[in-house]
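In what follows, a structure is listed as structure tokens, so that the remarks can point back to it.
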Amino acid sequence: MKIYLIRHGVARESASADFDADSQRPLTVEGRDAITRIAHALKKLDVRPDLILSSPYVRAEQTAAILAKEFELQKRLVLSELLAPEGKAEEIISMIVEKALVDELFIVGHLPCLALLASLLAASNFDLAINLKKGGVCCLLADDLRLEPHAALEWLLTPKILLKA
């Protein structure tokens, strides 16, 4: 199974807010454009997701919706509170095993949640530091998460690299 951890695109700052909570911050116009271009780049890399799991925070949901449109997965987009910024990696792995065992999976979310998930899967602990920029993508390869919650880090691409593709 290939698991692609995708951090949401650039969102509006809370200081300029006309929204009540951090969870309501939308992508900026530039953030939407970058995610659209990143989605195109992922398609060029022959990435073929079967399912998208996303945080319900507006910026992550908007990122996931752009990806879903590009990969024609609008009906295969699932929102989960487990993917909020403070989500627990162990609970996310359990959710994947119970509901999301597919060949290729997009997980759209936030830091620190995504970095902790990558660290647990790739190093079996939380000591591995993963610097996942906004719009960045981390690809992990897992044999069978039902047997062992471990994965190999295949690649990690920054938005800057993806936007050049």
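Each chain in the structure tokens gets a letter, A, B, ..., in the order shown, and its residues are numbered from 1; ligands are numbered from 1 in order too.
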Range 35-157 of chain A: residues DSSP assigns to alpha helix (DSSP H), reported as JSON, numbers by chain: {"A": [35, 36, 37, 38, 39, 40, 41, 42, 43, 44, 58, 59, 60, 61, 62, 63, 64, 65, 66, 67, 68, 69, 70, 89, 90, 91, 92, 93, 94, 95, 96, 97, 98, 99, 113, 114, 115, 116, 117, 118, 119, 120, 121, 122, 123]}
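Omitting Glu154 in chain A and its sequence neighbours fewer than 4 positions away, and counting only C-alpha atoms, the residues within 12 Å are Met1, Lys2, Ile3, Tyr4, Leu5, Ala118, Leu121, Ala122, Val137, Cys138, Cys139, Leu140, Leu141 and Ala142 of chain A.
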Counting only C-alpha atoms, the residue of A:Ile161, A:Leu42, A:Val47, A:Leu77 that sits nearest Glu104 in chain A: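 The answer is A:Val47, which sits nearest to Glu104 in chain A.
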Neighbour list for Leu117 in chain A as a PyMOL selection string, cut-off 10 Å, only C-alpha atoms, skip fewer than 4 positions in-chain: chain A and resi 5+87-93+111-113+121-126+130
Keeping only C-alpha atoms, take the residues you just selected and write them out as a compact mmCIF listing (two decimals), in the first residue's frame.
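The result, stored in out.txt:
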```txt
# COMPACT_ATOMS: atom_id res chain seq x y z
CA LEU A 5 0.73 12.28 3.36
CA GLY A 87 -4.73 13.80 15.80
CA LYS A 88 -3.15 10.65 17.22
CA ALA A 89 -1.05 8.57 14.82
CA GLU A 90 -2.09 5.26 16.39
CA GLU A 91 -5.79 6.09 15.91
CA ILE A 92 -5.20 7.08 12.28
CA ILE A 93 -3.42 3.78 11.59
CA LEU A 111 1.25 19.38 11.36
CA PRO A 112 2.02 18.01 13.85
CA CYS A 113 -0.36 15.13 13.08
CA LEU A 121 5.20 4.49 10.34
CA ALA A 122 8.77 5.02 9.13
CA ALA A 123 10.70 4.75 12.41
CA SER A 124 8.28 3.03 14.82
CA ASN A 125 8.60 5.98 17.19
CA PHE A 126 8.10 9.72 17.25
CA ILE A 130 9.78 15.11 9.04
```
Residues of chain A in strand (DSSP E or B), written as a PyMOL selection string: chain A and resi 2-7+11+27+51-54+77-79+104-109+137-141+152-157
Limited to N, CA and C atoms, could you put the picked residues into a file as an mmCIF file, in the first residue's frame?
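Written output follows (selection_33.cif):
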```cif
data_model
loop_
_atom_site.group_PDB
_atom_site.id
_atom_site.type_symbol
_atom_site.label_atom_id
_atom_site.label_comp_id
_atom_site.auth_asym_id
_atom_site.auth_seq_id
_atom_site.Cartn_x
_atom_site.Cartn_y
_atom_site.Cartn_z
ATOM 1 N N LYS A 2 0.544 2.186 -0.874
ATOM 2 C CA LYS A 2 1.236 3.475 -0.867
ATOM 3 C C LYS A 2 0.357 4.481 -0.124
ATOM 4 N N ILE A 3 0.984 5.158 0.808
ATOM 5 C CA ILE A 3 0.296 6.181 1.590
ATOM 6 C C ILE A 3 0.978 7.510 1.294
ATOM 7 N N TYR A 4 0.197 8.461 0.798
ATOM 8 C CA TYR A 4 0.716 9.791 0.493
ATOM 9 C C TYR A 4 0.196 10.759 1.557
ATOM 10 N N LEU A 5 1.093 11.273 2.363
ATOM 11 C CA LEU A 5 0.731 12.276 3.360
ATOM 12 C C LEU A 5 0.883 13.633 2.704
ATOM 13 N N ILE A 6 -0.200 14.393 2.663
ATOM 14 C CA ILE A 6 -0.199 15.677 1.967
ATOM 15 C C ILE A 6 -0.626 16.767 2.946
ATOM 16 N N ARG A 7 0.266 17.708 3.154
ATOM 17 C CA ARG A 7 -0.091 18.832 4.021
ATOM 18 C C ARG A 7 -0.922 19.833 3.207
ATOM 19 N N ALA A 11 -2.856 28.756 3.758
ATOM 20 C CA ALA A 11 -4.161 29.265 4.186
ATOM 21 C C ALA A 11 -4.038 30.694 4.696
ATOM 22 N N LEU A 27 -8.034 28.260 2.271
ATOM 23 C CA LEU A 27 -6.836 28.447 1.453
ATOM 24 C C LEU A 27 -6.842 29.853 0.858
ATOM 25 N N LEU A 51 -8.481 6.440 -2.761
ATOM 26 C CA LEU A 51 -9.288 7.022 -1.697
ATOM 27 C C LEU A 51 -8.543 8.225 -1.131
ATOM 28 N N ILE A 52 -9.307 9.227 -0.672
ATOM 29 C CA ILE A 52 -8.722 10.394 -0.006
ATOM 30 C C ILE A 52 -9.348 10.521 1.375
ATOM 31 N N LEU A 53 -8.521 10.531 2.402
ATOM 32 C CA LEU A 53 -8.950 10.828 3.763
ATOM 33 C C LEU A 53 -8.463 12.234 4.080
ATOM 34 N N SER A 54 -9.319 13.047 4.691
ATOM 35 C CA SER A 54 -8.934 14.425 4.952
ATOM 36 C C SER A 54 -9.431 14.901 6.308
ATOM 37 N N LEU A 77 -13.904 10.707 -1.181
ATOM 38 C CA LEU A 77 -13.290 11.655 -0.252
ATOM 39 C C LEU A 77 -14.009 11.531 1.088
ATOM 40 N N VAL A 78 -13.254 11.191 2.123
ATOM 41 C CA VAL A 78 -13.817 10.962 3.452
ATOM 42 C C VAL A 78 -13.159 11.913 4.443
ATOM 43 N N LEU A 79 -13.980 12.640 5.203
ATOM 44 C CA LEU A 79 -13.468 13.547 6.228
ATOM 45 C C LEU A 79 -13.435 12.831 7.573
ATOM 46 N N GLU A 104 -3.531 2.701 -3.080
ATOM 47 C CA GLU A 104 -2.911 4.015 -2.899
ATOM 48 C C GLU A 104 -3.883 4.933 -2.170
ATOM 49 N N LEU A 105 -3.386 5.582 -1.115
ATOM 50 C CA LEU A 105 -4.222 6.390 -0.232
ATOM 51 C C LEU A 105 -3.626 7.780 -0.056
ATOM 52 N N PHE A 106 -4.451 8.800 -0.263
ATOM 53 C CA PHE A 106 -4.069 10.177 0.079
ATOM 54 C C PHE A 106 -4.599 10.458 1.484
ATOM 55 N N ILE A 107 -3.745 11.037 2.323
ATOM 56 C CA ILE A 107 -4.164 11.536 3.633
ATOM 57 C C ILE A 107 -3.804 13.009 3.664
ATOM 58 N N VAL A 108 -4.817 13.863 3.757
ATOM 59 C CA VAL A 108 -4.627 15.309 3.729
ATOM 60 C C VAL A 108 -4.850 15.853 5.138
ATOM 61 N N GLY A 109 -3.860 16.574 5.640
ATOM 62 C CA GLY A 109 -4.000 17.078 6.997
ATOM 63 C C GLY A 109 -3.009 18.173 7.332
ATOM 64 N N VAL A 137 4.435 16.620 -0.058
ATOM 65 C CA VAL A 137 3.912 15.262 -0.120
ATOM 66 C C VAL A 137 4.984 14.278 0.318
ATOM 67 N N CYS A 138 4.591 13.368 1.202
ATOM 68 C CA CYS A 138 5.466 12.310 1.687
ATOM 69 C C CYS A 138 4.850 10.979 1.267
ATOM 70 N N CYS A 139 5.611 10.165 0.558
ATOM 71 C CA CYS A 139 5.127 8.861 0.106
ATOM 72 C C CYS A 139 5.743 7.761 0.964
ATOM 73 N N LEU A 140 4.876 6.944 1.558
ATOM 74 C CA LEU A 140 5.306 5.813 2.375
ATOM 75 C C LEU A 140 4.792 4.527 1.743
ATOM 76 N N LEU A 141 5.564 3.462 1.846
ATOM 77 C CA LEU A 141 5.167 2.169 1.314
ATOM 78 C C LEU A 141 5.052 1.180 2.462
ATOM 79 N N ALA A 152 8.009 2.085 4.751
ATOM 80 C CA ALA A 152 9.290 2.623 4.294
ATOM 81 C C ALA A 152 9.031 3.985 3.665
ATOM 82 N N LEU A 153 9.899 4.914 3.949
ATOM 83 C CA LEU A 153 9.807 6.229 3.333
ATOM 84 C C LEU A 153 10.307 6.108 1.896
ATOM 85 N N GLU A 154 9.413 6.269 0.933
ATOM 86 C CA GLU A 154 9.765 6.172 -0.482
ATOM 87 C C GLU A 154 10.337 7.489 -0.989
ATOM 88 N N TRP A 155 9.623 8.587 -0.721
ATOM 89 C CA TRP A 155 10.090 9.909 -1.108
ATOM 90 C C TRP A 155 9.350 10.997 -0.352
ATOM 91 N N LEU A 156 9.958 12.163 -0.338
ATOM 92 C CA LEU A 156 9.392 13.350 0.298
ATOM 93 C C LEU A 156 9.692 14.511 -0.638
ATOM 94 N N LEU A 157 8.621 15.136 -1.168
ATOM 95 C CA LEU A 157 8.811 16.230 -2.113
ATOM 96 C C LEU A 157 8.224 17.525 -1.558
#
```
Spatial neighbours of His8 in chain A, max dist 6 Å, only C-alpha atoms, sep filter under 5 positions, as a compact mmCIF listing (two decimals) with C-alpha atoms, in the first residue's frame:
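selection_13.txt written:
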```txt
# COMPACT_ATOMS: atom_id res chain seq x y z
CA ALA A 60 -7.46 20.66 4.41
CA THR A 63 -6.97 20.89 -0.52
CA GLY A 109 -4.00 17.08 7.00
CA LYS A 134 2.46 23.33 3.13
CA GLY A 135 1.56 21.48 -0.07
```
Shell of 8 Å around Phe71 in chain A, only C-alpha atoms, local chain residues under 5 positions omitted, as JSON, numbers by chain: {"A": [43, 48, 49]}
Exercise: Glu72 in chain A partners within 10 Å, only C-alpha atoms, chain neighbours under 6 positions left out, as a VMD selection string: chain A and resid 49 to 50 65 to 66
